[in-house]
Every structure is written in C-alpha cells, then in structure tokens.
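Peer 1: So that we are looking at the same thing, I have put the structure below in structure tokens.
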Amino acid sequence: MRVFSGVQPTGNIHIGNYLGALRQFVELQAEHACIYCIVDLHAITVPKDATRLRENILDVAALYMAVGVDPKKSIIFVQSDVPGHAELAWILMCNTYTGELSRMTQFKEKSRGNESAPAGLFTYPVLMAADILLYDADIVPVGSDQRQHIEICRDIAIRVNNRHGKVFVVPDGRFLKEGARIMSLDNPTAKMSKSAENPLSRISLLDDAAKIRKSIMKSTTDSDGIIRFDPENKPGVSNLLNICSAFSGLPIPDIEKKYEGVGYGAFKKELAELTVDALTPIRARYDEIRRSEALREALADGAERANEIAVRTMARVRDFFGLGAKR
Ligand code: ATP
Ligand code: LTN
C-alpha cells in the first residue's frame with residue numbers, strides 16, 4: 001500500500017497535529033511505502049513572508065524526522081520541488097464543480113464571505129486532491145478536520161475515472177480514534193489550532209516543560225469536579241482525557257477509573273508530566289536535526305524520488321486526457 005500525507009509549513013506545530021497525523025506517519029512507515037510532504041503551495045493561500053516560509057519548511061521537515069519519520073524508509077519532500085502537483089491541480093480543477101468547493105467548511109470559515117479571499121483558498125482542496133492522486137496513494141493519514149477534503153478527493157478521482165478510464169487510485173482517509181480531533185485548551189469547543197492567538201490554547205511540540213505545565217494547568221474544564229468522558233457536556237475534561245489516552249496508550253475508561261474521586265488539579269499535574277515526558281525527546285532530536293546537513297540532503301533526495309513517481313503519473317494522466325503533442 002502507498003501512504004501519502006502533508007503538513008503545512010506554518011509555525012506552532014502542536015500536539016493536535018502530532019496526535020492526529022504525525023504519529024500515524026511513523027507507525028505506517030513500518031509496513032507501507034510512505035510519502036510525506038511539506039505543502040508550501042498550500043501555505044501561500046494565506047500571504048506569507050518569504051524568509052519566514054523557507055525557515056518554516058525546514059522546521060517542519062526537521063519535526064518529521066524528530067518524531068521518527070526516517071528519510072531512508074519514507075520519502076520526505078517539499079511540494080513545490082515537484083512541478084506535477086500544480087500541473088495536476090489544474091487538470092483536476094477542470095473536473096471539479098464550483099458548487100462542491102463552495103460547500104467546503106474550511107473555505108467558508110477562512111473566507112467568511114470576504115470578496116477578496118484568494119482564489120487559491122477556494123481551490124485549496126483540489127491541490128490537496130492532486131497531492132494525493134499524483135502518487136496513487138491508497139491511505140491518507142490525517143486529523144478528522146480533513147474528512148471533507150478526503151471526500152472531495154475521492155469524488156474527483158471517481159468522476160475522472162468514470163469519464164476517462166482507470167486514471168486514479170481512489171484513496172481512503174485514516175483517522176485515529178483518540179487523536180483525530182484535539183481541542184483548544186482555553187476553548188474546548190474549537191479545535192486546537194496553529195493560528196489561535198492565545199499560545200496557552202495549544203501545546204506546541206517544541207514548547208519547554210514550563211510552558212507545557214502552564215497550558216495544561218490553566219486549561220478550561222468545568223465545575224462539577226468529576227473526571228468523565230462526555231464531550232457534549234464536559235468538553236474540557238473530555239479533551240484532556242483524549243490527550244491522556246493518546247500519550248499513555250491507556251483506554252479512556254481505564255483513565256476514568258484511575259482518577260475516580262481525584263480532583264482536576266491532580267489529574268492535570270500528572271497529564272502535564274506525561275506530556276513533558278513525551279515531548280522532551282522530540283525537542284532534543286529536533287534541535288540536532290534542524291542544524292544538520294542531513295536535513296537538506298533528505299529533502300533533496302526526497303524531491304528526486306517523489307518526482308520520479310510524479311513524472312510517471314503525469315505521463316499517464318496526459319495520455320488519458322489527450323494532452324500535449326508527444327506521447
Ligand atoms: P491549524 O488549523 O491548527 O492552523 P491545519 O489543520 O491548517 O492547522 P496542517 O499543518 O495542514 O494544519 O495539519 C497537519 C495535520 O494535522 C492534518 O492532518 C490535520 O488534520 C491535523 N490536525 C490539525 N489540527 C488538529 C487537531 N486539533 N487535532 C487533530 N489533528 C489535527
Ligand atoms: N489540507 C491539509 C494539508 C494537506 C494534506 C495534503 C494532507 C495538503 N495536502 C495531502 C494530506 C494529504 C491540512 O490543512 N491539514
């Protein structure tokens with residue numbers, strides 16, 4: 001099976017990104033051929049400073065490696081280093097309806113009816129579909145906020161296949177149970193986000209122990225003092241239980257039992273230490289990898305290997321569509 005996923009090179013990669021997506025990347029590389037992309041073309045759907053973007057690209061690549069993605073086993077590369085992504089996106093755009101793009105909740109949220117929202121924000125899911133279909137991916141590990149985008153990718157692939165023959169592999173999303181949707185620590189009804197203003201709303205993978213403790217101790221809960229999983233009525237506590245389960249590997253009912261009759265303070269304290277222990281080695285590896293020459297070598301090698309696959313797919317796609325003068 002082939003696995004493909006991507007992360008945007010924006011700062012503040014947080015435990016939501018880790019527990020929802022990155023952790024799966026590592027697990028999957030043991031059994032499958034995995035391709036992990038840093039999606040810089042997606043990042044520029046929102047204006048970005050060029051110097052900062054370059055740094056952020058290397059930051060995410062180093063984080064991939066720090067959490068355990070091995071560039072010898074998996075392909076790690078930067079989206080814009082492979083021209084096929086933008087080319088395939090255009091072809092897919094010609095097979096996507098404006099109506100279906102208008103229904104995307106991420107576009108609705110990010111544009112908020114703003115007439116000057118970039119067109120790239122609107123066609124974002126098509127570029128994402130191109131990323132996946134370019135590599136004939138079978139499995140796409142992502143957080144559950146990407147469910148709608150995976151669905152439209154499948155719809156586009158099926159539509160093209162119905163029109164032109166067996167052009168694309170139709171991929172499946174892979175969502176984890178506990179980590180698929182980590183919520184914000186200060187407002188547990190919103191997802192934990194890179195872009196939220198309050199830094200205490202998230203735990204970034206590179207936060208130090210003091211910041212991790214502070215974010216968890218200050219996280220919003222409720223006043224009934226019972227540690228029970230009930231996302232509807234107790235979103236704050238349920239989110240902490242989810243995080244605890246994802247980091248410890250213990251099922252939620254076992255954690256509820258363990259903390260029966262225990263106050264939120266003690267639970268939060270233990271969760272903070274669990275989180276510190278999980279993130280400290282990642283931070284240490286990151287610091288070393290980020291400075292290393294091996295990082296740039298991995299990206300150069302990754303781009304070459306990814307491009308070889310992409311060129312082959314594009315030749316096939318051009319044939320199916322009758323594009324170009326040479327065969
Ligand atoms: P944000 O909304 O936090 O700014 P994003 O979703 O735009 O982030 P990406 O870098 O593109 O950020 O996401 C990388 C991966 O992390 C995706 O698979 C996404 O589904 C997952 N992810 C993002 N936020 C969460 C979350 N709160 N819980 C679980 N998974 C998440
Ligand atoms: N849209 C995703 C990032 C992304 C992606 C992809 C994920 C871009 N292309 C291909 C999986 C496969 C996000 O914002 N989280």
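Within each chain, counting starts at residue 1; across the structure tokens, chains are named A, B, ... in the order shown, with ligands numbered 1 upward in that order.
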Could you name the residues that touch Lys194 in chain A at 7 Å or less, counting only C-alpha atoms, but leaving out those on the same chain fewer than 5 positions away, as a list in words?
Peer 2: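 These residues fall inside the cut-off: Gly11, Asn12, Ile13 and His14 of chain A.
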Peer 1: Give as an MDAnalysis selection string the residues surrounding ligand 2 up to a distance of 6 Å, considering only C-alpha atoms and all ligand atoms.
Peer 2: chainID A and resid 4:8 39 128 131:132 140
Peer 1: Kindly save the residues from that selection, with N, CA and C atoms included, as a PDB file, in the first residue's frame.
Peer 2:
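Full text of out.pdb as output:
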ATOM      1  N   PHE A   4       0.225   8.603   1.666  1.00  0.00           N
ATOM      2  CA  PHE A   4       0.641   9.994   1.418  1.00  0.00           C
ATOM      3  C   PHE A   4      -0.017  10.916   2.440  1.00  0.00           C
ATOM      4  N   SER A   5       0.743  11.868   2.964  1.00  0.00           N
ATOM      5  CA  SER A   5       0.116  12.936   3.761  1.00  0.00           C
ATOM      6  C   SER A   5       0.967  14.192   3.697  1.00  0.00           C
ATOM      7  N   GLY A   6       0.388  15.289   4.157  1.00  0.00           N
ATOM      8  CA  GLY A   6       1.090  16.568   4.106  1.00  0.00           C
ATOM      9  C   GLY A   6       0.788  17.426   5.318  1.00  0.00           C
ATOM     10  N   VAL A   7       1.742  18.282   5.635  1.00  0.00           N
ATOM     11  CA  VAL A   7       1.555  19.264   6.719  1.00  0.00           C
ATOM     12  C   VAL A   7       1.992  20.614   6.168  1.00  0.00           C
ATOM     13  N   GLN A   8       1.270  21.655   6.523  1.00  0.00           N
ATOM     14  CA  GLN A   8       1.634  22.987   6.051  1.00  0.00           C
ATOM     15  C   GLN A   8       2.824  23.536   6.835  1.00  0.00           C
ATOM     16  N   VAL A  39       3.674  20.995   2.537  1.00  0.00           N
ATOM     17  CA  VAL A  39       2.849  21.579   1.478  1.00  0.00           C
ATOM     18  C   VAL A  39       2.968  23.109   1.468  1.00  0.00           C
ATOM     19  N   MET A 128      -4.968  19.716  -2.906  1.00  0.00           N
ATOM     20  CA  MET A 128      -4.769  18.603  -1.970  1.00  0.00           C
ATOM     21  C   MET A 128      -5.101  17.271  -2.661  1.00  0.00           C
ATOM     22  N   ASP A 131      -2.194  16.361  -4.784  1.00  0.00           N
ATOM     23  CA  ASP A 131      -1.087  15.808  -3.979  1.00  0.00           C
ATOM     24  C   ASP A 131      -1.248  14.301  -3.826  1.00  0.00           C
ATOM     25  N   ILE A 132      -2.464  13.913  -3.480  1.00  0.00           N
ATOM     26  CA  ILE A 132      -2.735  12.509  -3.139  1.00  0.00           C
ATOM     27  C   ILE A 132      -2.754  11.634  -4.397  1.00  0.00           C
ATOM     28  N   VAL A 140      -4.467   7.848   3.409  1.00  0.00           N
ATOM     29  CA  VAL A 140      -4.082   9.217   3.736  1.00  0.00           C
ATOM     30  C   VAL A 140      -4.335   9.467   5.232  1.00  0.00           C
TER      31      VAL A 140
END
Peer 1: Tell me which protein, DNA and RNA residues are within 10 Å of range 226-238 of chain A, counting only C-alpha atoms, leaving out same-chain ones fewer than 4 positions away, and put them as JSON, numbers by chain.
Peer 2: {"A": [182, 183, 184, 185, 186, 187, 188, 189, 190, 219, 220, 221, 222, 242, 243, 244, 252, 253, 255, 256, 257, 258, 259, 260, 261, 262, 263, 264, 267, 268]}
Peer 1: Keeping only C-alpha atoms, write the selected residues to a file as an mmCIF file, in the first residue's frame.
Peer 2:
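Final file, selection-v7.cif:
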data_model
loop_
_atom_site.group_PDB
_atom_site.id
_atom_site.type_symbol
_atom_site.label_atom_id
_atom_site.label_comp_id
_atom_site.auth_asym_id
_atom_site.auth_seq_id
_atom_site.Cartn_x
_atom_site.Cartn_y
_atom_site.Cartn_z
ATOM 1 C CA ILE A 182 -7.627 17.584 19.797
ATOM 2 C CA MET A 183 -9.439 20.650 21.034
ATOM 3 C CA SER A 184 -8.131 24.024 22.122
ATOM 4 C CA LEU A 185 -7.122 24.131 25.804
ATOM 5 C CA ASP A 186 -8.753 27.501 26.508
ATOM 6 C CA ASN A 187 -11.856 26.891 24.396
ATOM 7 C CA PRO A 188 -12.535 23.157 24.128
ATOM 8 C CA THR A 189 -15.343 23.640 21.618
ATOM 9 C CA ALA A 190 -12.818 24.769 18.945
ATOM 10 C CA SER A 219 -6.850 24.651 30.666
ATOM 11 C CA THR A 220 -10.600 25.209 30.791
ATOM 12 C CA THR A 221 -12.630 22.452 32.481
ATOM 13 C CA ASP A 222 -15.924 22.749 34.376
ATOM 14 C CA ASN A 242 -8.283 12.182 24.969
ATOM 15 C CA ILE A 243 -4.804 13.674 25.208
ATOM 16 C CA CYS A 244 -4.012 11.466 28.190
ATOM 17 C CA ILE A 252 -10.259 6.210 28.330
ATOM 18 C CA PRO A 253 -12.411 4.048 30.692
ATOM 19 C CA ILE A 255 -8.128 6.506 32.936
ATOM 20 C CA GLU A 256 -11.567 7.456 34.280
ATOM 21 C CA LYS A 257 -11.287 4.617 36.772
ATOM 22 C CA LYS A 258 -7.765 5.549 37.784
ATOM 23 C CA TYR A 259 -8.840 9.120 38.588
ATOM 24 C CA GLU A 260 -12.138 8.298 40.290
ATOM 25 C CA GLY A 261 -12.584 10.664 43.232
ATOM 26 C CA VAL A 262 -9.428 12.601 42.292
ATOM 27 C CA GLY A 263 -9.616 16.370 41.698
ATOM 28 C CA TYR A 264 -8.865 18.099 38.375
ATOM 29 C CA PHE A 267 -5.145 14.869 37.118
ATOM 30 C CA LYS A 268 -3.813 17.895 35.246
#
Peer 1: Within 6 Å of ligand 1, which residues show up when you count only C-alpha atoms and all ligand atoms? List them as a list in words, please.
Peer 2: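 For ligand 1, the residues inside 6 Å are Val7, Gln8, Gly16, Asn17, Gly20, Ala21, Val142, Gly143, Ser144, Asp145, Gln146, Gly179, Ala180, Arg181, Ile182, Met183, Lys191, Met192, Ser193, Lys194 and Ser195 of chain A.
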Peer 1: Could you give me, as CSV, every range 129-244 of chain A residue with an atom at most 12 Å from range 86-105 of chain A, plus its closest atom pair and distance in Å to one decimal, counting only C-alpha atoms, rows ordered by chain then number?
Peer 2:
residue,atom,partner,partner_atom,distance
A:Ala129,CA,A:Ala89,CA,7.5
A:Ala130,CA,A:Ala89,CA,5.1
A:Asp131,CA,A:Ala89,CA,8.1
A:Ile132,CA,A:Leu88,CA,10.4
A:Leu133,CA,A:Leu88,CA,8.7
A:Leu134,CA,A:Leu88,CA,7.3
A:Tyr135,CA,A:Leu88,CA,11.1
A:Asp145,CA,A:Thr105,CA,9.5
A:Gln146,CA,A:Thr105,CA,10.1
A:Arg147,CA,A:Met104,CA,10.4
A:Gln148,CA,A:Met104,CA,7.0
A:His149,CA,A:Met104,CA,7.8
A:Ile150,CA,A:Met104,CA,11.2
A:Glu151,CA,A:Met104,CA,10.5
A:Ile152,CA,A:Glu100,CA,7.9
A:Cys153,CA,A:Leu92,CA,9.5
A:Arg154,CA,A:Thr96,CA,11.4
A:Asp155,CA,A:Thr96,CA,8.9
A:Ile156,CA,A:Thr96,CA,6.5
A:Ala157,CA,A:Leu92,CA,8.6
A:Ile158,CA,A:Asn95,CA,10.5
A:Arg159,CA,A:Asn95,CA,7.6
A:Val160,CA,A:Asn95,CA,7.0
A:Asn161,CA,A:Asn95,CA,10.8
A:Asn162,CA,A:Asn95,CA,11.3
A:Arg163,CA,A:Asn95,CA,9.7
A:His164,CA,A:Asn95,CA,11.3
A:Val167,CA,A:Leu92,CA,11.8
A:Phe168,CA,A:Leu92,CA,11.3
Peer 1: Give me the residues within 12 Å of Ala62 in chain A as a ChimeraX atom specification, counting only C-alpha atoms and dropping any in the same chain fewer than 5 places off.
Peer 2: /A:9,13,38,55-57,67-71,76-77,205-206,282-299
Peer 1: Just list the residues in range 157-285 of chain A DSSP gives strand (DSSP E or B) on the backbone, as a list of chain:residue names.
Peer 2: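 The strand (DSSP E or B) subset of range 157-285 of chain A is A:Asp172, A:Gly173, A:Arg174, A:Met183, A:Lys191, A:Ser204.
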Peer 1: Set the distance at 9 Å and use only C-alpha atoms: which residues neighbour range 110-121 of chain A once local chain neighbours fewer than 4 positions away are removed? I'd like the list as an MDAnalysis selection string.
Peer 2: chainID A and resid 42 44:46 105:106 125 127
Peer 1: Report, in Å with one decimal, the straight-line distance from CA of Asp254 in chain A to CA of Ser223 in chain A.
Peer 2: 22.3 Å
